[in-house]
Protein chains: 2
Amino acid sequence: MTAESQRGRPPSIRDVARLAGVSHQTVSRVLNHHPSIRPETKQRVLDVMAELQYTPNRAARALVTHRSRTLGILSASSTSTQYGPASSIAAIEGAARAAGYWVSTANIEASDPASIADGLAHLAAQGIEGLVVIAPQVRVFDTLAQLSIDVPYVTLQSTGRDPDHALSVDQIAGARLATRHLIELGHRNIYHLTGPQDWIEAEARMRGFLEEMSAQDVPTTAPILGDWTADFGFHVGRELLRVRDFTAIFASNDQMALGLMHAIHDAGLDVPRDVSIIGFDDIPEAAHFWPPLTTVRQDFAELGRRCVSLLIGDADAPSEAAASAGGPGGAGDAGTAPGEPSAPAGPKTIVPELVVRASTGRPAF
Amino acid sequence: MTAESQRGRPPSIRDVARLAGVSHQTVSRVLNHHPSIRPETKQRVLDVMAELQYTPNRAARALVTHRSRTLGILSASSTSTQYGPASSIAAIEGAARAAGYWVSTANIEASDPASIADGLAHLAAQGIEGLVVIAPQVRVFDTLAQLSIDVPYVTLQSTGRDPDHALSVDQIAGARLATRHLIELGHRNIYHLTGPQDWIEAEARMRGFLEEMSAQDVPTTAPILGDWTADFGFHVGRELLRVRDFTAIFASNDQMALGLMHAIHDAGLDVPRDVSIIGFDDIPEAAHFWPPLTTVRQDFAELGRRCVSLLIGDADAPSEAAASAGGPGGAGDAGTAPGEPSAPAGPKTIVPELVVRASTGRPAF
DNA sequence: TCACGGCATGTGCACGGTCACATGCGACGT
DNA sequence: ACGTCGCATGTGACCGTGCACATGCCGTGA
């Protein structure tokens with residue numbers, strides 16, 4: 001029965017149209033949830049689609065609509081392997097898919113301008129409609145401008161500085177939380193180990209640290225520039241322990257905190273008796289570090305979701321809303337096309353949360 | 001000068017053709033590295049392309065060639081946030097991009113069949129030319145068959161059981177390495193904490209463990225089914241310590257090993273004096289666990305790269321090789337199109353490596 | 001009764017590439 | 001000297017969709 005329609009190629013709307021006894025345009029209307037189609041006609045078309053296992057051809061659609069329905073993620077490969085970014089990426093993909101979008105990723109070497117340009121060009125060649133940047137952002141933006149790529153973009157995890165493009169976990173507030181916690185425990189000699197300087201969130205955490213320190217009138221030492229890795233934390237820890245003019249360290253991510261604790265244990269010291277350590281992110285392993293790490297939790301998944309609603313809100317909502325008053329519907333495939341496009345996304349700032357575990361305590365003296 | 005050619009749309013090959021004084025087909029030939037184009041003509045076309053900032057339209061190309069040049073990754077969202085899979089994914093993307101392919105990801109809830117089907121359908125709708133599966137594989141394959149999706153696929157990290165689709169880190173060898181290490185230290189009462197049973201590599205590591213145990217005539221206890229998480233390791237550890245009829249545990253990933261060590265410390269015991277712990281994967285943090293973790297290192301990035309060369313070798317190499325004898329060139333964009341497509345990929349099995357650190361030692365008695 | 005508007009549907013073209021098939025021209029063998 | 005072959009290039013159709021613009025029909029108000 002269906003064998004007859006087999007002709008090598010996958011079925012097109014015209015094949016469906018022929019079998020349903022309508023024009024190809026009617027089929028197209030069914031696909032796009034056009035309002036004025038008689039229910040019976042629609043049903044007949046849907047039946048034929050199912051019978052033929054028809055799938056809309058993405059390329060053809062993109063060609064004529066000039067819309068790729070694809071979001072790009074530009075990610076530093078050194079970080080996409082870490083819990084936080086990886087969780088956000090997963091959430092981005094999920095939210096995008098729910099909204100009928102595809103997600104395409106490009107990993108770059110953050111340190112190499114050519115790599116940035118290459119990755120960006122790769123995404124641009126795809127006609128992405130939105131871009132999420134998880135990388136040292138200053139350089140990326142320069143390159144973006146140079147290549148005259150013009151798509152809406154969002155930077156994951158930045159501070160509220162550029163409110164159009166930055167949806168923020170309030171990194172500053174999180175850093176202040178961490179710092180305040182140490183100060184309230186009685187620490188006065190506190191170091192801060194930051195992330196790389198061209199990561200906006202590293203800078204934000206540093207700012208939060210400095211703000212809280214001066215707000216509480218605690219004398220500040222210069223932050224130490226780190227690179228997010230546990231290895232780096234370990235080496236910095238070894239250096240710092242030579243002098244030991246501190247009782248607490250605030251590391252701007254959990255990995256570096258882990259490295260610090262390693263160095264401290266190696267020196268025969270105890271956490272938190274001799275030194276208190278606080279991290280940032282609350283990766284799932286942090287609860288099982290020894291000692292379990294006090295840290296600041298971020299909701300990475302929520303962050304990813306908001307990225308998408310920001311991006312798709314920009315790109316989609318206007319035309320979408322204009323097109324049809326009542327029905328949302330979107331432009332998903334006829335078969336799938338589930339729930340509403342995500343809700344207005346709530347307040348714009350995600351507030352991070354202090355998680356007190358066993359790596360912080362009162363200073364010994 | 002260039003202002004004149006601005007007409008809203010991005011430039012097409014016809015625009016380029018007009019300005020270069022050739023036919024659109026000649027432009028197309030330049031794009032596809034056709035052999036018989038006069039160097040001067042080619043150069044003229046390339047110049048115009050540069051001037052116009054011409055970018056080939058992916059959708060149009062895909063429409064007519066029936067090739068999407070896209071690879072799909074189906075990944076369990078619970079695992080894509082972990083170091084190993086994430087590294088492989090990054091490597092896959094890099095290798096794919098170098099070969100002129102795009103990568104699109106779908107994260108699924110491994111436990112939910114509907115989610116699997118949804119993710120797979122999403123990728124299929126894109127016309128992916130290859131699929132990498134990083135998820136409990138049994139269910140995925142069933143679904144793949146049900147949806148009658150027919151693309152070459154590769155399972156990341158599987159054992160050598162199905163040699164066509166499995167490019168293997170030799171998980172069995174790795175597990176034997178770990179087990180032998182414990183036995184050689186003098187341990188006789190060894191537990192094994194596995195990954196979820198429907199993950200092929202979890203099963204492979206378990207097999208390796210069992211094989212080595214019986215090869216060395218050490219009595220075996222039933223493996224404990226885990227879920228890859230540190231939390232789970234922690235809880236299992238607490239249970240096991242009630243009886244304490246063992247001197248060593250082989251955890252099939254580093255996270256679970258971490259959880260185990262946490263439980264052991266909590267009980268006031270010492271690693272490795274009271275219990276030896278060995279992990280698997282060698283995530284970057286493992287060197288900084290307390291104590292630094294003995295584990296088995298896998299080259300995740302190499303694994304990812306091989307995935308791609310396997311997939312693209314299948315899909316591309318035949319026609320590619322037939323097309324032009326000498327020049328590789330690929331079908332990248334005229335402007336970009338860098339280095340050779342990856343080399344023949346070497347021997348098919350990646351051999352993992354034992355990394356001895358401080359979490360294993362001789363049993364106390 | 002008829003013009004008119006809205007619904008349900010159909011017709012043809014455009015999107016930006018590639019492919020199959022010309023075409024013109026110079027070199028070469030007989 | 002002429003047919004033939006290969007190179008360099010051009011012409012037109014086609015891929016599967018969506019859009020702008022008909023078209024026919026029915027209900028409605030003047």
# chains A, B, ... in the order shown; residues from 1 in each chain; ligands from 1
call {"tool": "residues_around", "arguments": {"residues": "Gly279 (chain A)", "least_positions_apart": "6", "cutoff": "7 Å", "atoms": "only C-alpha atoms (C1' of nucleotides)", "output": "MDAnalysis selection string"}}
result
chainID A and resid 250:254 257 293:296
call {"tool": "write_last_selection", "arguments": {"atoms": "N, CA and C atoms", "output": "PDB file, in the first residue's frame"}}
result
ATOM      1  N   PHE A 250      39.080  32.681  49.862  1.00  0.00           N
ATOM      2  CA  PHE A 250      37.861  32.585  49.064  1.00  0.00           C
ATOM      3  C   PHE A 250      38.286  32.302  47.623  1.00  0.00           C
ATOM      4  N   ALA A 251      38.028  31.087  47.183  1.00  0.00           N
ATOM      5  CA  ALA A 251      38.373  30.714  45.812  1.00  0.00           C
ATOM      6  C   ALA A 251      37.152  30.950  44.935  1.00  0.00           C
ATOM      7  N   SER A 252      37.372  31.445  43.725  1.00  0.00           N
ATOM      8  CA  SER A 252      36.184  31.810  42.952  1.00  0.00           C
ATOM      9  C   SER A 252      35.599  30.655  42.159  1.00  0.00           C
ATOM     10  N   ASN A 253      36.129  29.464  42.347  1.00  0.00           N
ATOM     11  CA  ASN A 253      35.340  28.277  41.981  1.00  0.00           C
ATOM     12  C   ASN A 253      35.757  27.081  42.840  1.00  0.00           C
ATOM     13  N   ASP A 254      34.977  26.028  42.773  1.00  0.00           N
ATOM     14  CA  ASP A 254      35.196  24.891  43.663  1.00  0.00           C
ATOM     15  C   ASP A 254      36.474  24.124  43.332  1.00  0.00           C
ATOM     16  N   ALA A 257      39.342  25.705  44.917  1.00  0.00           N
ATOM     17  CA  ALA A 257      39.246  25.455  46.353  1.00  0.00           C
ATOM     18  C   ALA A 257      39.781  24.062  46.686  1.00  0.00           C
ATOM     19  N   LEU A 293      32.887  20.961  51.246  1.00  0.00           N
ATOM     20  CA  LEU A 293      33.218  22.357  50.964  1.00  0.00           C
ATOM     21  C   LEU A 293      32.059  23.327  51.181  1.00  0.00           C
ATOM     22  N   THR A 294      32.348  24.365  51.947  1.00  0.00           N
ATOM     23  CA  THR A 294      31.423  25.493  52.005  1.00  0.00           C
ATOM     24  C   THR A 294      31.558  26.271  50.698  1.00  0.00           C
ATOM     25  N   THR A 295      30.430  26.623  50.114  1.00  0.00           N
ATOM     26  CA  THR A 295      30.510  27.235  48.788  1.00  0.00           C
ATOM     27  C   THR A 295      29.248  28.039  48.496  1.00  0.00           C
ATOM     28  N   VAL A 296      29.177  28.603  47.331  1.00  0.00           N
ATOM     29  CA  VAL A 296      28.007  29.382  46.932  1.00  0.00           C
ATOM     30  C   VAL A 296      27.350  28.684  45.759  1.00  0.00           C
TER      31      VAL A 296
END
call {"tool": "interface_residues", "arguments": {"of": "chain B", "to": "chain A", "cutoff": "7 Å", "atoms": "only C-alpha atoms", "output": "compact mmCIF listing (two decimals) with all heavy atoms, in the first residue's frame"}}
result
# COMPACT_ATOMS: atom_id res chain seq x y z
N THR B 55 29.04 34.44 2.04
CA THR B 55 29.04 33.19 2.80
C THR B 55 28.06 32.23 2.14
O THR B 55 26.92 32.59 1.89
CB THR B 55 28.54 33.41 4.23
OG1 THR B 55 29.16 34.56 4.76
CG2 THR B 55 28.85 32.20 5.08
N ARG B 58 24.02 27.56 3.83
CA ARG B 58 24.02 26.16 4.19
C ARG B 58 22.71 25.46 3.83
O ARG B 58 22.70 24.33 3.37
CB ARG B 58 24.25 26.04 5.70
CG ARG B 58 24.37 24.64 6.19
CD ARG B 58 24.91 24.62 7.59
NE ARG B 58 23.88 24.49 8.58
CZ ARG B 58 23.68 23.39 9.29
NH1 ARG B 58 24.41 22.32 9.07
NH2 ARG B 58 22.76 23.34 10.21
N ALA B 59 21.62 26.15 4.03
CA ALA B 59 20.32 25.53 3.77
C ALA B 59 20.16 25.20 2.29
O ALA B 59 19.73 24.11 1.93
CB ALA B 59 19.20 26.46 4.23
N ALA B 60 20.53 26.14 1.46
CA ALA B 60 20.39 25.91 0.03
C ALA B 60 21.23 24.72 -0.41
O ALA B 60 20.79 23.87 -1.20
CB ALA B 60 20.81 27.16 -0.73
N ALA B 62 22.28 22.26 1.47
CA ALA B 62 21.74 21.02 2.03
C ALA B 62 20.51 20.57 1.24
O ALA B 62 20.29 19.38 1.02
CB ALA B 62 21.38 21.23 3.50
N LEU B 63 19.73 21.54 0.81
CA LEU B 63 18.49 21.21 0.11
C LEU B 63 18.78 20.41 -1.17
O LEU B 63 18.16 19.39 -1.44
CB LEU B 63 17.75 22.49 -0.25
CG LEU B 63 16.46 22.32 -1.06
CD1 LEU B 63 15.48 21.45 -0.29
CD2 LEU B 63 15.85 23.65 -1.39
N SER B 77 21.56 13.74 29.96
CA SER B 77 21.91 15.04 30.55
C SER B 77 22.61 14.85 31.89
O SER B 77 23.38 15.69 32.31
CB SER B 77 20.69 15.93 30.69
OG SER B 77 19.64 15.23 31.27
N SER B 80 26.31 14.40 30.65
CA SER B 80 27.02 15.36 29.82
C SER B 80 27.66 16.44 30.67
O SER B 80 28.48 17.20 30.20
CB SER B 80 26.08 15.98 28.79
OG SER B 80 25.12 16.77 29.45
N THR B 81 27.27 16.49 31.93
CA THR B 81 27.90 17.47 32.81
C THR B 81 29.17 16.91 33.46
O THR B 81 29.80 17.60 34.23
CB THR B 81 26.94 17.88 33.94
OG1 THR B 81 26.56 16.73 34.67
CG2 THR B 81 25.71 18.54 33.37
N GLN B 82 29.49 15.69 33.14
CA GLN B 82 30.68 15.12 33.76
C GLN B 82 31.89 15.26 32.86
O GLN B 82 31.79 15.37 31.65
CB GLN B 82 30.45 13.65 34.08
CG GLN B 82 29.41 13.51 35.17
CD GLN B 82 29.26 12.08 35.63
OE1 GLN B 82 30.06 11.23 35.24
NE2 GLN B 82 28.27 11.83 36.45
N TYR B 83 33.01 15.22 33.49
CA TYR B 83 34.24 15.51 32.79
C TYR B 83 34.46 14.66 31.55
O TYR B 83 34.74 15.17 30.47
CB TYR B 83 35.42 15.35 33.73
CG TYR B 83 36.74 15.48 33.04
CD1 TYR B 83 37.21 16.72 32.64
CD2 TYR B 83 37.51 14.36 32.75
CE1 TYR B 83 38.42 16.85 31.98
CE2 TYR B 83 38.72 14.48 32.09
CZ TYR B 83 39.16 15.73 31.70
OH TYR B 83 40.35 15.84 31.04
N ALA B 86 31.93 15.15 28.68
CA ALA B 86 32.05 16.53 28.21
C ALA B 86 33.32 16.72 27.40
O ALA B 86 33.31 17.40 26.37
CB ALA B 86 32.02 17.50 29.39
N SER B 87 34.42 16.11 27.83
CA SER B 87 35.66 16.25 27.06
C SER B 87 35.50 15.61 25.70
O SER B 87 35.96 16.15 24.69
CB SER B 87 36.83 15.55 27.75
OG SER B 87 36.83 15.79 29.10
N ALA B 90 33.50 17.80 23.44
CA ALA B 90 34.28 18.93 22.93
C ALA B 90 35.20 18.45 21.80
O ALA B 90 35.33 19.12 20.78
CB ALA B 90 35.11 19.55 24.06
N GLU B 93 33.26 17.79 18.64
CA GLU B 93 32.91 19.03 17.94
C GLU B 93 34.13 19.57 17.20
O GLU B 93 34.03 19.98 16.04
CB GLU B 93 32.38 20.05 18.94
CG GLU B 93 31.78 21.27 18.31
CD GLU B 93 32.82 22.28 17.91
OE1 GLU B 93 33.78 22.51 18.67
OE2 GLU B 93 32.71 22.83 16.79
N GLY B 94 35.26 19.55 17.86
CA GLY B 94 36.46 20.07 17.22
C GLY B 94 36.83 19.30 15.97
O GLY B 94 37.08 19.89 14.91
N VAL B 103 27.88 20.25 14.50
CA VAL B 103 27.48 19.30 15.53
C VAL B 103 26.26 19.83 16.26
O VAL B 103 26.23 20.99 16.65
CB VAL B 103 28.62 19.07 16.53
CG1 VAL B 103 28.12 18.30 17.73
CG2 VAL B 103 29.76 18.35 15.86
N SER B 104 25.30 18.98 16.41
CA SER B 104 24.09 19.37 17.11
C SER B 104 23.82 18.37 18.22
O SER B 104 23.97 17.17 18.04
CB SER B 104 22.94 19.39 16.11
OG SER B 104 21.80 19.94 16.69
N THR B 105 23.42 18.88 19.35
CA THR B 105 23.31 18.03 20.52
C THR B 105 21.87 17.90 20.98
O THR B 105 21.08 18.83 20.84
CB THR B 105 24.13 18.63 21.68
OG1 THR B 105 25.39 19.02 21.18
CG2 THR B 105 24.31 17.63 22.79
N ALA B 106 21.53 16.75 21.52
CA ALA B 106 20.26 16.61 22.21
C ALA B 106 20.50 15.90 23.53
O ALA B 106 21.08 14.81 23.56
CB ALA B 106 19.27 15.83 21.36
N ASN B 107 20.09 16.53 24.59
CA ASN B 107 20.22 15.90 25.90
C ASN B 107 18.92 15.22 26.28
O ASN B 107 17.85 15.77 26.07
CB ASN B 107 20.54 16.96 26.95
CG ASN B 107 21.94 17.47 26.79
OD1 ASN B 107 22.89 16.78 27.13
ND2 ASN B 107 22.07 18.67 26.25
N ALA B 125 15.21 15.03 12.57
CA ALA B 125 14.54 16.10 11.82
C ALA B 125 15.56 17.02 11.17
O ALA B 125 15.25 17.80 10.29
CB ALA B 125 13.63 16.90 12.73
N GLN B 126 16.76 16.92 11.66
CA GLN B 126 17.80 17.78 11.16
C GLN B 126 18.57 17.13 10.03
O GLN B 126 19.43 17.75 9.43
CB GLN B 126 18.76 18.01 12.31
CG GLN B 126 19.23 19.38 12.40
CD GLN B 126 19.89 19.56 13.74
OE1 GLN B 126 20.78 20.33 13.84
NE2 GLN B 126 19.51 18.82 14.75
N ALA B 230 28.78 10.90 43.09
CA ALA B 230 29.49 10.90 44.36
C ALA B 230 28.53 10.62 45.51
O ALA B 230 28.87 9.92 46.46
CB ALA B 230 30.19 12.24 44.56
N GLN B 255 34.04 9.94 40.59
CA GLN B 255 33.06 10.58 41.46
C GLN B 255 32.61 9.62 42.57
O GLN B 255 32.54 10.00 43.74
CB GLN B 255 31.82 11.03 40.68
CG GLN B 255 31.97 12.35 39.97
CD GLN B 255 32.64 12.21 38.62
OE1 GLN B 255 33.00 11.09 38.22
NE2 GLN B 255 32.87 13.31 37.93
N LEU B 258 35.17 9.26 45.10
CA LEU B 258 35.20 10.41 46.01
C LEU B 258 34.16 10.25 47.13
O LEU B 258 34.46 10.47 48.30
CB LEU B 258 34.91 11.70 45.23
CG LEU B 258 34.87 12.99 46.05
CD1 LEU B 258 36.26 13.32 46.58
CD2 LEU B 258 34.32 14.15 45.22
N GLY B 259 32.98 9.85 46.76
CA GLY B 259 31.92 9.64 47.74
C GLY B 259 32.32 8.56 48.76
O GLY B 259 32.09 8.71 49.96
N HIS B 262 34.73 9.95 51.19
CA HIS B 262 34.03 10.81 52.14
C HIS B 262 33.43 9.97 53.27
O HIS B 262 33.60 10.29 54.46
CB HIS B 262 32.93 11.59 51.40
CG HIS B 262 32.15 12.52 52.28
ND1 HIS B 262 30.95 13.05 51.90
CD2 HIS B 262 32.39 13.01 53.52
CE1 HIS B 262 30.48 13.83 52.87
NE2 HIS B 262 31.34 13.82 53.86
N GLU B 285 40.28 16.72 38.71
CA GLU B 285 40.25 16.93 40.15
C GLU B 285 40.84 15.76 40.93
O GLU B 285 41.25 15.91 42.08
CB GLU B 285 38.81 17.16 40.63
CG GLU B 285 38.22 18.50 40.26
CD GLU B 285 37.76 18.54 38.81
OE1 GLU B 285 37.53 17.44 38.25
OE2 GLU B 285 37.65 19.63 38.24
N HIS B 288 43.75 15.94 43.11
CA HIS B 288 43.69 16.82 44.27
C HIS B 288 42.68 16.36 45.31
O HIS B 288 42.43 17.06 46.29
CB HIS B 288 43.40 18.25 43.81
CG HIS B 288 44.44 18.77 42.87
ND1 HIS B 288 45.69 19.14 43.28
CD2 HIS B 288 44.44 18.92 41.52
CE1 HIS B 288 46.41 19.53 42.24
NE2 HIS B 288 45.67 19.40 41.15
N PHE B 289 42.09 15.23 45.09
CA PHE B 289 41.27 14.64 46.15
C PHE B 289 42.18 14.37 47.35
O PHE B 289 43.41 14.39 47.23
CB PHE B 289 40.68 13.30 45.69
CG PHE B 289 39.56 13.43 44.67
CD1 PHE B 289 38.99 12.29 44.12
CD2 PHE B 289 39.08 14.66 44.28
CE1 PHE B 289 37.98 12.38 43.18
CE2 PHE B 289 38.04 14.76 43.34
CZ PHE B 289 37.50 13.62 42.79
N TRP B 290 41.55 14.11 48.49
CA TRP B 290 42.36 13.78 49.66
C TRP B 290 42.03 12.41 50.16
O TRP B 290 40.93 12.20 50.63
CB TRP B 290 42.20 14.82 50.77
CG TRP B 290 43.23 14.61 51.82
CD1 TRP B 290 43.03 14.10 53.07
CD2 TRP B 290 44.63 14.85 51.68
NE1 TRP B 290 44.22 14.02 53.72
CE2 TRP B 290 45.22 14.45 52.90
CE3 TRP B 290 45.45 15.32 50.65
CZ2 TRP B 290 46.60 14.54 53.11
CZ3 TRP B 290 46.79 15.41 50.87
CH2 TRP B 290 47.36 15.02 52.10
call {"tool": "residues_around", "arguments": {"residues": "Ala17 (chain B)", "least_positions_apart": "5", "cutoff": "10 Å", "atoms": "only C-alpha atoms (C1' of nucleotides)", "output": "list in words"}}
result
Ser12, Val22, Ser23, His24, Gln25, Thr26, Val27, Ser28, Arg44, Val45, Val48 and Met49 of chain B
call {"tool": "write_last_selection", "arguments": {"atoms": "N, CA, C and O atoms", "output": "PDB file, in the first residue's frame"}}
result
ATOM      1  N   SER B  12      24.406  36.271  -2.855  1.00  0.00           N
ATOM      2  CA  SER B  12      24.327  34.882  -3.312  1.00  0.00           C
ATOM      3  C   SER B  12      25.392  34.654  -4.383  1.00  0.00           C
ATOM      4  O   SER B  12      26.048  35.593  -4.817  1.00  0.00           O
ATOM      5  N   VAL B  22      31.241  36.347 -14.471  1.00  0.00           N
ATOM      6  CA  VAL B  22      31.188  34.929 -14.842  1.00  0.00           C
ATOM      7  C   VAL B  22      29.778  34.421 -14.587  1.00  0.00           C
ATOM      8  O   VAL B  22      28.920  35.174 -14.131  1.00  0.00           O
ATOM      9  N   SER B  23      29.546  33.173 -14.860  1.00  0.00           N
ATOM     10  CA  SER B  23      28.230  32.607 -14.582  1.00  0.00           C
ATOM     11  C   SER B  23      28.167  32.086 -13.148  1.00  0.00           C
ATOM     12  O   SER B  23      29.201  31.827 -12.537  1.00  0.00           O
ATOM     13  N   HIS B  24      26.978  31.952 -12.642  1.00  0.00           N
ATOM     14  CA  HIS B  24      26.833  31.478 -11.257  1.00  0.00           C
ATOM     15  C   HIS B  24      27.456  30.114 -11.076  1.00  0.00           C
ATOM     16  O   HIS B  24      27.964  29.772 -10.017  1.00  0.00           O
ATOM     17  N   GLN B  25      27.444  29.342 -12.145  1.00  0.00           N
ATOM     18  CA  GLN B  25      27.991  28.003 -12.058  1.00  0.00           C
ATOM     19  C   GLN B  25      29.503  28.027 -11.829  1.00  0.00           C
ATOM     20  O   GLN B  25      30.054  27.209 -11.094  1.00  0.00           O
ATOM     21  N   THR B  26      30.155  28.964 -12.447  1.00  0.00           N
ATOM     22  CA  THR B  26      31.592  29.096 -12.235  1.00  0.00           C
ATOM     23  C   THR B  26      31.882  29.403 -10.767  1.00  0.00           C
ATOM     24  O   THR B  26      32.801  28.848 -10.169  1.00  0.00           O
ATOM     25  N   VAL B  27      31.075  30.258 -10.195  1.00  0.00           N
ATOM     26  CA  VAL B  27      31.239  30.546  -8.774  1.00  0.00           C
ATOM     27  C   VAL B  27      31.062  29.273  -7.963  1.00  0.00           C
ATOM     28  O   VAL B  27      31.849  28.974  -7.065  1.00  0.00           O
ATOM     29  N   SER B  28      30.042  28.540  -8.303  1.00  0.00           N
ATOM     30  CA  SER B  28      29.805  27.282  -7.600  1.00  0.00           C
ATOM     31  C   SER B  28      31.025  26.372  -7.721  1.00  0.00           C
ATOM     32  O   SER B  28      31.424  25.712  -6.763  1.00  0.00           O
ATOM     33  N   ARG B  44      39.688  35.883  -9.397  1.00  0.00           N
ATOM     34  CA  ARG B  44      38.744  36.977  -9.544  1.00  0.00           C
ATOM     35  C   ARG B  44      37.485  36.705  -8.712  1.00  0.00           C
ATOM     36  O   ARG B  44      36.999  37.558  -7.973  1.00  0.00           O
ATOM     37  N   VAL B  45      37.009  35.479  -8.817  1.00  0.00           N
ATOM     38  CA  VAL B  45      35.825  35.101  -8.049  1.00  0.00           C
ATOM     39  C   VAL B  45      36.094  35.218  -6.552  1.00  0.00           C
ATOM     40  O   VAL B  45      35.292  35.781  -5.807  1.00  0.00           O
ATOM     41  N   VAL B  48      36.006  38.798  -5.386  1.00  0.00           N
ATOM     42  CA  VAL B  48      34.657  39.333  -5.251  1.00  0.00           C
ATOM     43  C   VAL B  48      33.976  38.780  -4.004  1.00  0.00           C
ATOM     44  O   VAL B  48      33.306  39.498  -3.268  1.00  0.00           O
ATOM     45  N   MET B  49      34.188  37.495  -3.772  1.00  0.00           N
ATOM     46  CA  MET B  49      33.613  36.891  -2.565  1.00  0.00           C
ATOM     47  C   MET B  49      34.071  37.635  -1.326  1.00  0.00           C
ATOM     48  O   MET B  49      33.267  37.959  -0.448  1.00  0.00           O
TER      49      MET B  49
END
call {"tool": "select_by_dssp", "arguments": {"residues": "region 155-272 of chain B", "states": "strand (DSSP E or B)", "output": "ChimeraX atom specification"}}
result
/B:155,166,168-169,190-194,224-225,248-251
call {"tool": "residues_around", "arguments": {"residues": "region 25-30 of chain D", "least_positions_apart": "2", "cutoff": "9 Å", "atoms": "only C-alpha atoms (C1' of nucleotides)", "output": "compact mmCIF listing (two decimals) with C-alpha atoms (C1' of nucleotides), in the first residue's frame"}}
result
# COMPACT_ATOMS: atom_id res chain seq x y z
C1' DC C 4 -19.04 42.50 -0.70
C1' DC C 7 -13.28 31.51 4.71
C1' DA C 8 -11.10 27.46 2.58
call {"tool": "residues_around", "arguments": {"residues": "DA14 (chain C)", "least_positions_apart": "3", "cutoff": "12 Å", "atoms": "only C-alpha atoms (C1' of nucleotides)", "output": "PDB file with N, CA, C and O atoms (P, O5', C5', C4', C3', O3' and C1' of nucleotides), in the first residue's frame"}}
result
ATOM      1  N   LEU A  63      15.669  27.669   3.893  1.00  0.00           N
ATOM      2  CA  LEU A  63      16.005  28.394   2.670  1.00  0.00           C
ATOM      3  C   LEU A  63      14.983  29.481   2.368  1.00  0.00           C
ATOM      4  O   LEU A  63      15.319  30.618   2.082  1.00  0.00           O
ATOM      5  N   VAL A  64      13.736  29.113   2.469  1.00  0.00           N
ATOM      6  CA  VAL A  64      12.715  30.061   2.059  1.00  0.00           C
ATOM      7  C   VAL A  64      12.357  31.064   3.157  1.00  0.00           C
ATOM      8  O   VAL A  64      12.036  32.209   2.872  1.00  0.00           O
ATOM      9  N   THR A  65      12.450  30.638   4.395  1.00  0.00           N
ATOM     10  CA  THR A  65      12.075  31.562   5.466  1.00  0.00           C
ATOM     11  C   THR A  65      13.236  32.446   5.899  1.00  0.00           C
ATOM     12  O   THR A  65      13.027  33.398   6.634  1.00  0.00           O
TER      13      THR A  65
ATOM     14  P    DT D  17       9.142  19.416   2.454  1.00  0.00           P
ATOM     15  O5'  DT D  17       9.019  20.841   3.084  1.00  0.00           O
ATOM     16  C5'  DT D  17       8.555  21.813   2.726  1.00  0.00           C
ATOM     17  C4'  DT D  17       9.082  23.181   2.955  1.00  0.00           C
ATOM     18  C3'  DT D  17       7.921  24.089   3.265  1.00  0.00           C
ATOM     19  O3'  DT D  17       8.059  24.616   4.560  1.00  0.00           O
ATOM     20  C1'  DT D  17       9.151  24.836   1.332  1.00  0.00           C
ATOM     21  P    DG D  18       6.786  25.368   5.180  1.00  0.00           P
ATOM     22  O5'  DG D  18       6.840  26.814   4.510  1.00  0.00           O
ATOM     23  C5'  DG D  18       7.890  27.696   4.873  1.00  0.00           C
ATOM     24  C4'  DG D  18       7.694  29.023   4.169  1.00  0.00           C
ATOM     25  C3'  DG D  18       6.390  29.730   4.501  1.00  0.00           C
ATOM     26  O3'  DG D  18       6.672  31.112   4.624  1.00  0.00           O
ATOM     27  C1'  DG D  18       6.505  29.342   2.171  1.00  0.00           C
ATOM     28  P    DC D  19       5.564  32.147   5.172  1.00  0.00           P
ATOM     29  O5'  DC D  19       5.345  33.098   3.918  1.00  0.00           O
ATOM     30  C5'  DC D  19       6.475  33.620   3.223  1.00  0.00           C
ATOM     31  C4'  DC D  19       6.008  34.282   1.952  1.00  0.00           C
ATOM     32  C3'  DC D  19       4.708  35.081   2.119  1.00  0.00           C
ATOM     33  O3'  DC D  19       4.889  36.372   1.586  1.00  0.00           O
ATOM     34  C1'  DC D  19       4.511  33.527   0.327  1.00  0.00           C
ATOM     35  P    DA D  20       3.788  37.514   1.926  1.00  0.00           P
ATOM     36  O5'  DA D  20       3.290  37.865   0.447  1.00  0.00           O
ATOM     37  C5'  DA D  20       4.239  37.956  -0.614  1.00  0.00           C
ATOM     38  C4'  DA D  20       3.503  38.024  -1.946  1.00  0.00           C
ATOM     39  C3'  DA D  20       2.227  38.860  -1.911  1.00  0.00           C
ATOM     40  O3'  DA D  20       2.138  39.594  -3.125  1.00  0.00           O
ATOM     41  C1'  DA D  20       1.700  36.627  -2.525  1.00  0.00           C
TER      42       DA D  20
END
call {"tool": "interface_residues", "arguments": {"of": "chain C", "to": "chain A", "cutoff": "12 Å", "atoms": "only C-alpha atoms (C1' of nucleotides)", "output": "ChimeraX atom specification"}}
result
/C:6-17
call {"tool": "interface_residues", "arguments": {"of": "chain D", "to": "chain B", "cutoff": "7 Å", "atoms": "only C-alpha atoms (C1' of nucleotides)", "output": "VMD selection string"}}
result
chain D and resid 7 to 10 15
